[in-house]
Amino acid sequence: MATHKVLVVEDDDAVRMMLHEGLQRDGFEIVAASNVRDALRLISTQSFDVLLSDLHMPLAGDGFTLVSAMRHTHPNALTVVLSGYPALDEAMSSILSQADEIFTKPIRIGELKQLIHKRLAEPRAMKRVKPESIASILERDAETTIQNWLDIVDQDAELICIPLSRMERTGHLPRLLKDLIVRLRLDSESPAPTSIAARNHGAMRLQQGYTAPMLVEESRILQVSVFSTLQRNLGGVDFSRLLLDVVTIADEIDSQLKQAMFSYTTPTLTSVVADEPRWSVSDP
């Protein structure tokens, strides 16, 4: 009988050793890694029949990242994730859309081995959710992201001390999101384009009486709203690009804040682009 090769990824040394020894006694060939970086390198350079990975190590989404990488590189491999959450409920649909099996901690090695043997002996086709790019998710759910931003802003006493209409409060936010989506779709080596919307936004906030800390705070809320949208769509995210896209999102929103602050602090050196598209919250 052919020996099945298992990649075990677990950051807890004791758990990783227990899994290594327990599965090896059952005849599996074991390769172990303690972090995502090493695991991704192994996935790209070796062949595996099974991925056994902790879901939470130590960054949110790490287990999903490995499952996605295994799906792309070894599509026929069995993927099993280990979760310490006793109640998966809402997360269950997201997890199962990526992995073949969930095994809840504390680990019962006998049951785990039985599960792996059974799935390898009787493989069944899994209904896969087609991965969606983060840019596409943000484009599709732009209205939800904007509404979430408004809801958070409405709870901020400092930001709402200046009375504004909903359109005035939103300002150039829809266009800022458009610029973020464009940035996500650029090649990673391409230079980040200047956001005219951000320049205009800073000039407008100066006219409306915003302080510099208020500009910073609404930019922070934008990041929170964008990541909340991604969290709600976790089951369909293309995890092979997740880490790179998260870095790009943070960099682009920080860049937009810098450009807004430039026009806010040096209004005589900047001018508002009159023909820039202006959206209301209800625009598509």
# chains A, B, ... in the order shown; residues from 1 in each chain; ligands from 1
call {"tool": "select_by_dssp", "arguments": {"residues": "region 53-216 of chain A", "states": "strand (DSSP E)", "output": "CSV table (one decimal) with C-alpha atoms, in the first residue's frame"}}
result
chain,number,residue,atom,x,y,z
A,53,SER,CA,-3.4,22.6,9.7
A,54,ASP,CA,-4.4,24.6,12.8
A,78,LEU,CA,-7.4,16.1,1.5
A,79,THR,CA,-7.4,19.3,3.7
A,80,VAL,CA,-8.3,19.1,7.4
A,81,VAL,CA,-8.3,22.2,9.6
A,82,LEU,CA,-8.1,22.1,13.4
A,83,SER,CA,-10.1,24.6,15.3
A,101,GLU,CA,-13.0,18.6,7.0
A,102,ILE,CA,-13.1,20.4,10.4
A,103,PHE,CA,-11.7,18.7,13.5
A,104,THR,CA,-12.4,20.4,16.8
call {"tool": "residues_around", "arguments": {"residues": "Met17 (chain A)", "least_positions_apart": "2", "cutoff": "12 Å", "atoms": "only C-alpha atoms", "output": "NGL selection string"}}
result
:A and (8-15 or 19-24 or 30-34 or 109)
call {"tool": "residues_around", "arguments": {"residues": "region 151-164 of chain A", "least_positions_apart": "2", "cutoff": "12 Å", "atoms": "only C-alpha atoms", "output": "PyMOL selection string"}}
result
chain A and resi 144-149+166-171+205-225+228
call {"tool": "write_last_selection", "arguments": {"atoms": "N, CA and C atoms", "output": "mmCIF file, in the first residue's frame"}}
result
data_model
loop_
_atom_site.group_PDB
_atom_site.id
_atom_site.type_symbol
_atom_site.label_atom_id
_atom_site.label_comp_id
_atom_site.auth_asym_id
_atom_site.auth_seq_id
_atom_site.Cartn_x
_atom_site.Cartn_y
_atom_site.Cartn_z
ATOM 1 N N THR A 144 -22.576 48.627 0.945
ATOM 2 C CA THR A 144 -22.597 48.138 2.323
ATOM 3 C C THR A 144 -21.437 48.715 3.118
ATOM 4 N N THR A 145 -20.267 48.783 2.492
ATOM 5 C CA THR A 145 -19.093 49.333 3.165
ATOM 6 C C THR A 145 -19.314 50.798 3.523
ATOM 7 N N ILE A 146 -19.880 51.553 2.599
ATOM 8 C CA ILE A 146 -20.145 52.971 2.849
ATOM 9 C C ILE A 146 -21.167 53.142 3.963
ATOM 10 N N GLN A 147 -22.206 52.322 3.948
ATOM 11 C CA GLN A 147 -23.224 52.425 4.986
ATOM 12 C C GLN A 147 -22.646 52.068 6.346
ATOM 13 N N ASN A 148 -21.789 51.060 6.387
ATOM 14 C CA ASN A 148 -21.133 50.682 7.628
ATOM 15 C C ASN A 148 -20.267 51.825 8.143
ATOM 16 N N TRP A 149 -19.554 52.485 7.229
ATOM 17 C CA TRP A 149 -18.732 53.648 7.589
ATOM 18 C C TRP A 149 -19.599 54.751 8.197
ATOM 19 N N ARG A 166 -26.127 63.756 4.643
ATOM 20 C CA ARG A 166 -25.516 62.448 4.382
ATOM 21 C C ARG A 166 -24.528 62.525 3.224
ATOM 22 N N MET A 167 -24.878 63.252 2.166
ATOM 23 C CA MET A 167 -23.975 63.369 1.034
ATOM 24 C C MET A 167 -22.710 64.135 1.425
ATOM 25 N N GLU A 168 -22.870 65.202 2.203
ATOM 26 C CA GLU A 168 -21.708 65.960 2.654
ATOM 27 C C GLU A 168 -20.847 65.126 3.591
ATOM 28 N N ARG A 169 -21.486 64.330 4.437
ATOM 29 C CA ARG A 169 -20.733 63.491 5.381
ATOM 30 C C ARG A 169 -19.930 62.432 4.620
ATOM 31 N N THR A 170 -20.557 61.851 3.635
ATOM 32 C CA THR A 170 -19.859 60.829 2.851
ATOM 33 C C THR A 170 -18.721 61.433 2.045
ATOM 34 N N GLY A 171 -18.938 62.644 1.539
ATOM 35 C CA GLY A 171 -17.883 63.321 0.792
ATOM 36 C C GLY A 171 -17.428 62.527 -0.413
ATOM 37 N N ARG A 205 -12.869 68.896 3.419
ATOM 38 C CA ARG A 205 -12.961 68.808 4.879
ATOM 39 C C ARG A 205 -12.439 70.084 5.549
ATOM 40 N N LEU A 206 -11.431 70.706 4.962
ATOM 41 C CA LEU A 206 -10.945 71.978 5.495
ATOM 42 C C LEU A 206 -12.045 73.031 5.437
ATOM 43 N N GLN A 207 -12.743 73.092 4.331
ATOM 44 C CA GLN A 207 -13.832 74.059 4.173
ATOM 45 C C GLN A 207 -14.979 73.762 5.139
ATOM 46 N N GLN A 208 -15.191 72.497 5.425
ATOM 47 C CA GLN A 208 -16.295 72.117 6.321
ATOM 48 C C GLN A 208 -15.948 72.314 7.792
ATOM 49 N N GLY A 209 -14.688 72.574 8.099
ATOM 50 C CA GLY A 209 -14.295 72.835 9.476
ATOM 51 C C GLY A 209 -13.746 71.643 10.236
ATOM 52 N N TYR A 210 -13.388 70.575 9.527
ATOM 53 C CA TYR A 210 -12.799 69.413 10.180
ATOM 54 C C TYR A 210 -11.409 69.766 10.734
ATOM 55 N N THR A 211 -11.033 69.119 11.828
ATOM 56 C CA THR A 211 -9.669 69.211 12.334
ATOM 57 C C THR A 211 -8.845 68.084 11.728
ATOM 58 N N ALA A 212 -7.519 68.178 11.836
ATOM 59 C CA ALA A 212 -6.653 67.115 11.316
ATOM 60 C C ALA A 212 -6.927 65.772 12.010
ATOM 61 N N PRO A 213 -7.088 65.741 13.352
ATOM 62 C CA PRO A 213 -7.418 64.456 13.987
ATOM 63 C C PRO A 213 -8.725 63.850 13.476
ATOM 64 N N MET A 214 -9.679 64.680 13.084
ATOM 65 C CA MET A 214 -10.937 64.157 12.543
ATOM 66 C C MET A 214 -10.714 63.476 11.200
ATOM 67 N N LEU A 215 -9.820 64.044 10.375
ATOM 68 C CA LEU A 215 -9.470 63.401 9.110
ATOM 69 C C LEU A 215 -8.838 62.039 9.351
ATOM 70 N N VAL A 216 -7.945 61.979 10.317
ATOM 71 C CA VAL A 216 -7.273 60.717 10.637
ATOM 72 C C VAL A 216 -8.278 59.685 11.131
ATOM 73 N N GLU A 217 -9.206 60.125 11.973
ATOM 74 C CA GLU A 217 -10.177 59.195 12.544
ATOM 75 C C GLU A 217 -11.112 58.624 11.486
ATOM 76 N N GLU A 218 -11.587 59.444 10.547
ATOM 77 C CA GLU A 218 -12.489 58.900 9.537
ATOM 78 C C GLU A 218 -11.737 57.981 8.571
ATOM 79 N N SER A 219 -10.443 58.191 8.407
ATOM 80 C CA SER A 219 -9.641 57.264 7.603
ATOM 81 C C SER A 219 -9.499 55.928 8.322
ATOM 82 N N ARG A 220 -9.309 55.985 9.649
ATOM 83 C CA ARG A 220 -9.241 54.733 10.422
ATOM 84 C C ARG A 220 -10.552 53.972 10.310
ATOM 85 N N ILE A 221 -11.656 54.682 10.375
ATOM 86 C CA ILE A 221 -12.972 54.037 10.268
ATOM 87 C C ILE A 221 -13.150 53.408 8.893
ATOM 88 N N LEU A 222 -12.572 54.018 7.871
ATOM 89 C CA LEU A 222 -12.643 53.422 6.531
ATOM 90 C C LEU A 222 -11.948 52.063 6.511
ATOM 91 N N GLN A 223 -10.781 51.970 7.128
ATOM 92 C CA GLN A 223 -10.102 50.678 7.184
ATOM 93 C C GLN A 223 -10.953 49.653 7.910
ATOM 94 N N VAL A 224 -11.546 50.047 9.033
ATOM 95 C CA VAL A 224 -12.398 49.131 9.795
ATOM 96 C C VAL A 224 -13.565 48.652 8.933
ATOM 97 N N SER A 225 -14.176 49.551 8.196
ATOM 98 C CA SER A 225 -15.338 49.203 7.372
ATOM 99 C C SER A 225 -14.958 48.274 6.229
ATOM 100 N N SER A 228 -14.302 44.869 7.665
ATOM 101 C CA SER A 228 -15.565 44.254 8.078
ATOM 102 C C SER A 228 -16.271 43.631 6.880
#
call {"tool": "residues_around", "arguments": {"residues": "His201 (chain A)", "least_positions_apart": "2", "cutoff": "10 Å", "atoms": "only C-alpha atoms", "output": "ChimeraX atom specification"}}
result
/A:170-173,175-176,195-199,203-207,215,256-257,259-261,263-264,272
call {"tool": "select_by_dssp", "arguments": {"residues": "region 3-105 of chain A", "states": "helix (DSSP H, G or I)", "output": "JSON, numbers by chain"}}
result
{"A": [13, 14, 15, 16, 17, 18, 19, 20, 21, 22, 23, 24, 36, 37, 38, 39, 40, 41, 42, 43, 44, 45, 62, 63, 64, 65, 66, 67, 68, 69, 70, 71, 72, 73, 89, 90, 91, 92, 93, 94, 95, 96]}
call {"tool": "closest_residue", "arguments": {"among": "A:Ala135, A:Phe28, A:Gly110, A:Glu143", "to": "Ile181 (chain A)", "atoms": "only C-alpha atoms"}}
result
A:Ala135
call {"tool": "closest_residue", "arguments": {"among": "A:Asn35, A:Ile116, A:Ala121, A:Met18", "to": "His56 (chain A)", "atoms": "only C-alpha atoms"}}
result
A:Asn35
